[in-house]
Amino acid sequence: MLNKILTGAVAAAMKDLYDQEVLEENVQVQRTRKEFDGDLTVVVFPYSKMARKAPRQIGEEIGAYLKDKLEEVEDFNVIKGFLNISFRLAYWLEFLRQALNTKDYGRQAKKDKDAPVVIEFSSPNTNKPLHLGHIRNNLLGWSVAEILEASGREVKRVNLVNDRGIHICKTMLAWQKWGNGITPSKAEKKGDKFVGDYYVQFEKQNKLEVKQKMLEGYSEEEAGRQSDLMKEARGMLKKWELGDEDTRELWEKMNAWVYKGFDKTYKRMGIRFDKIYFESETYLLGKEIVTQGLQEGILFKKDDGSIWADLSDEGLDEKLLIRADGTSVYMTQDLGTAQLRYDNFKPGKLLYVVGNEQNYHFDVLKIVLKKLGKAYADDIFHISYGMVELPHGKMKSREGTVVDADDLMEEMHASAKAITSVLGKIDEFSQEEAEELFEKIGMGALKYFILKVDPKKNMLFNPDESIQFDGNTGPFIQYAHARIQSLQSKALEKGYKKPYLTKKSVLQDILPRERQILKQLQEFPEIIRQSAETYSPAQLANYIYELVKDYNGFYQDTPVLKEEDEQKLLFRLGLSEMTGKVIRTGMALLGIEVPDRM
RNA sequence: GGUCACGUAGCUCAGUUGGAUAGAGCAACGGCCUUCUAAGCCGUCGGUCGCAGGUUCGAAUCCUGCCGUGAUCACCA
């Protein structure tokens, strides 16, 4: 809001002083650096040529103009081409007073007329438990959805479960052969883990068989195709596609086990979906779309009967859409789900949170949809994120170096417990309260650790070091919030009443540190808007950290409750309360809970 | 080989979309608990922003070319 006043006034100044048209949105305003006097800085270098004067002189002239026209402006100074402007204390007090009275500071009201944003994330396979890679996906998707909502969009969270295909059949076959009718509850195992083990077992047995075949003289490729287990699995897939009753029944039973396990993991992670799509329900629609595209002459058929899209005019290759045997591929299914999603929600935007190894896939998806005349192709955005790497290298399931999602969360909980207990902070907590706290801290550490990194970058996850509580971490921010809450309740005990600031408040001065915090608080709504635009919770996370760091310095330096000057004391209590509010809102957008005490 | 990302302190990461003397944390070292929670604060040490050109008042940021890392280029999903 202050920005806007300033940019408008600068544009007016350029017109009045130099008769030059400058667009308001081109006026560069930034927060004044700590080393200099001032609150906001206007960059006047660009006007040097237009006005044919030295930057310094222009700065002086515009500064004088602003001081004259805007009552909020108290003073200004010019350094090189930077015009630093200070605002009156009254302005800052009014800002703080208003912010304190605003419900949900920073969140925008929902704009009903906008079409919803559909965001897909998670997208698990039903033959494997969730791992660290999924965690980054889930947290990113969830947080982006929250941020979009806070910026005023209606959001639909959607999951696409890959519940069919050869890998599922492998798992079913393995259970049939070696499972002896045992169930997860009998085995006392989480459903997804239970089923995942059979997939692993299949791969193991199949590998042995392939090795055997190779000894008998088959080539590796041939051996892979000729293995009896694979043949059986393919047979099962065919039976599944034909709707064979026994196969379908087994399939449903085993998938139900998996979903029960997934639900637990999602719940602990704190995420949910508005709608879950299953590939088994959407792949046929994809085929229809392709068939229709063929009839309309947009796609073409090769001699073997396979159907393709020619993308050469886009500088790409040809893309297979339906195999010669009539079965569908990954792309076919995604065409179907996109269409279905569009029909379901008529969204303004379709977001896909999917790893960057699929960048090419989504380029192609957009192009093919466009070719097929789907206008919504332009509304598809791929939120691409980088891999999570481990100190020893990539995660590889074959080498047993995957980090299981449930195990990791449990570890985080245990670490939180260990560290908290050593510090002796929970003496007054009941058993349940303590457990709840460990969970909030453990999850906070994990979520913040993942989300603070720019999504598009690959990131390193060191299991030993990830559970940190100092520095740029979730627990550090949680702790700061707990202290603010403690300060607030102490103030109430001493008889100070909220709201701390009344209209009559008159202050002589505030410290530079307090001013710095005010400036940051003021930026919060803009930070939400920006994070929503770039789909990056990382910006938000780093903003909160910076705020907390500055707040901590201020907190340590100025013993609030000992303050003699009541005006000052109330101001500081108000500032603390506001900081707490912003931390709470910001962390909520990252999916992180903040305890009131810890 | 083609395409696309990424490369910032010993390590993990920021850098508000081209602005001021490039910032944090971890690690190392030195201070600060009779005060609202020391999971904290203050300070010291640490940089040729991969390299070389270019664009301009001004480049970690934009352009070009190299070097390095990763992903992808499947009738896998």
# chains A, B, ... in the order shown; residues from 1 in each chain; ligands from 1
$ interface_residues --of "chain B" --to "chain A" --cutoff "12 Å" --atoms "only C-alpha atoms (C1' of nucleotides)" --output "PyMOL selection string"
chain B and resi 2-7+11-21+23-26+32-33+35-42+56-58+69-77
$ residues_around --residues "A60 (chain B)" --least-positions-apart "3" --cutoff "8 Å" --atoms "only C-alpha atoms (C1' of nucleotides)" --output "PDB file with N, CA and C atoms (P, O5', C5', C4', C3', O3' and C1' of nucleotides), in the first residue's frame"
ATOM      1  P     U B   8      27.692 -23.475  -6.200  1.00  0.00           P
ATOM      2  O5'   U B   8      27.641 -21.901  -6.013  1.00  0.00           O
ATOM      3  C5'   U B   8      28.735 -21.101  -6.460  1.00  0.00           C
ATOM      4  C4'   U B   8      28.752 -19.789  -5.738  1.00  0.00           C
ATOM      5  C3'   U B   8      28.835 -19.877  -4.229  1.00  0.00           C
ATOM      6  O3'   U B   8      30.163 -20.087  -3.773  1.00  0.00           O
ATOM      7  C1'   U B   8      27.120 -18.376  -4.797  1.00  0.00           C
ATOM      8  P     A B  22      30.092  -6.573  -1.663  1.00  0.00           P
ATOM      9  O5'   A B  22      28.813  -7.303  -1.052  1.00  0.00           O
ATOM     10  C5'   A B  22      27.492  -6.966  -1.473  1.00  0.00           C
ATOM     11  C4'   A B  22      26.637  -8.197  -1.482  1.00  0.00           C
ATOM     12  C3'   A B  22      26.797  -9.097  -0.252  1.00  0.00           C
ATOM     13  O3'   A B  22      25.884  -8.686   0.734  1.00  0.00           O
ATOM     14  C1'   A B  22      26.893 -10.390  -2.238  1.00  0.00           C
ATOM     15  P     C B  49      33.384 -13.549  -8.022  1.00  0.00           P
ATOM     16  O5'   C B  49      32.747 -14.940  -7.582  1.00  0.00           O
ATOM     17  C5'   C B  49      32.335 -15.892  -8.560  1.00  0.00           C
ATOM     18  C4'   C B  49      31.082 -16.572  -8.076  1.00  0.00           C
ATOM     19  C3'   C B  49      30.026 -16.763  -9.166  1.00  0.00           C
ATOM     20  O3'   C B  49      29.421 -18.020  -8.970  1.00  0.00           O
ATOM     21  C1'   C B  49      29.117 -15.540  -7.372  1.00  0.00           C
TER      22        C B  49
END
$ residues_around --residues "Arg584 (chain A)" --least-positions-apart "6" --cutoff "8 Å" --atoms "only C-alpha atoms (C1' of nucleotides)" --output "PyMOL selection string"
chain A and resi 481+593-594
$ closest_residue --among "B:G10, B:G53, B:G1, B:G47" --to "C66 (chain B)" --atoms "only C-alpha atoms (C1' of nucleotides)"
B:G53
$ atom_distance --atom1 "CA of Ile276 (chain A)" --atom2 "CA of Val158 (chain A)"
5.7 Å
$ atom_distance --atom1 "CA of Lys53 (chain A)" --atom2 "CA of Asp19 (chain A)"
13.5 Å
$ select_by_dssp --residues "region 66-219 of chain A" --states "strand (DSSP E or B)" --output "PyMOL selection string"
chain A and resi 73-79+82-87+117-120+125+131+155-162
$ write_last_selection --atoms "C-alpha atoms" --output "CSV table (one decimal), in the first residue's frame"
chain,number,residue,atom,x,y,z
A,73,VAL,CA,6.8,11.5,4.2
A,74,GLU,CA,8.9,12.8,7.0
A,75,ASP,CA,12.3,13.2,5.4
A,76,PHE,CA,14.6,11.9,2.6
A,77,ASN,CA,18.2,11.6,1.7
A,78,VAL,CA,20.0,10.9,-1.6
A,79,ILE,CA,23.0,8.6,-2.1
A,82,PHE,CA,19.1,6.1,-4.5
A,83,LEU,CA,16.4,8.3,-2.9
A,84,ASN,CA,15.8,7.0,0.6
A,85,ILE,CA,12.5,8.1,2.2
A,86,SER,CA,11.5,8.0,5.8
A,87,PHE,CA,7.9,8.0,6.9
A,117,VAL,CA,-7.3,-23.8,-9.7
A,118,VAL,CA,-6.9,-27.5,-9.8
A,119,ILE,CA,-3.7,-28.8,-8.4
A,120,GLU,CA,-2.5,-32.3,-8.7
A,125,ASN,CA,1.8,-46.0,-7.4
A,131,HIS,CA,9.3,-42.3,0.1
A,155,VAL,CA,-8.3,-24.4,-5.0
A,156,LYS,CA,-9.1,-28.0,-5.7
A,157,ARG,CA,-6.5,-30.5,-4.4
A,158,VAL,CA,-6.4,-33.6,-6.5
A,159,ASN,CA,-4.6,-36.8,-6.4
A,160,LEU,CA,-4.1,-39.2,-9.3
A,161,VAL,CA,-3.5,-42.8,-8.2
A,162,ASN,CA,-1.7,-45.1,-10.5
$ closest_residue --among "A:Leu351, A:Asp163, A:Lys67, A:Glu216" --to "Phe278 (chain A)" --atoms "only C-alpha atoms"
A:Asp163
$ closest_residue --among "A:Leu573, A:Ile147, A:Ala223, A:Ala174" --to "Gln205 (chain A)" --atoms "only C-alpha atoms"
A:Ala174
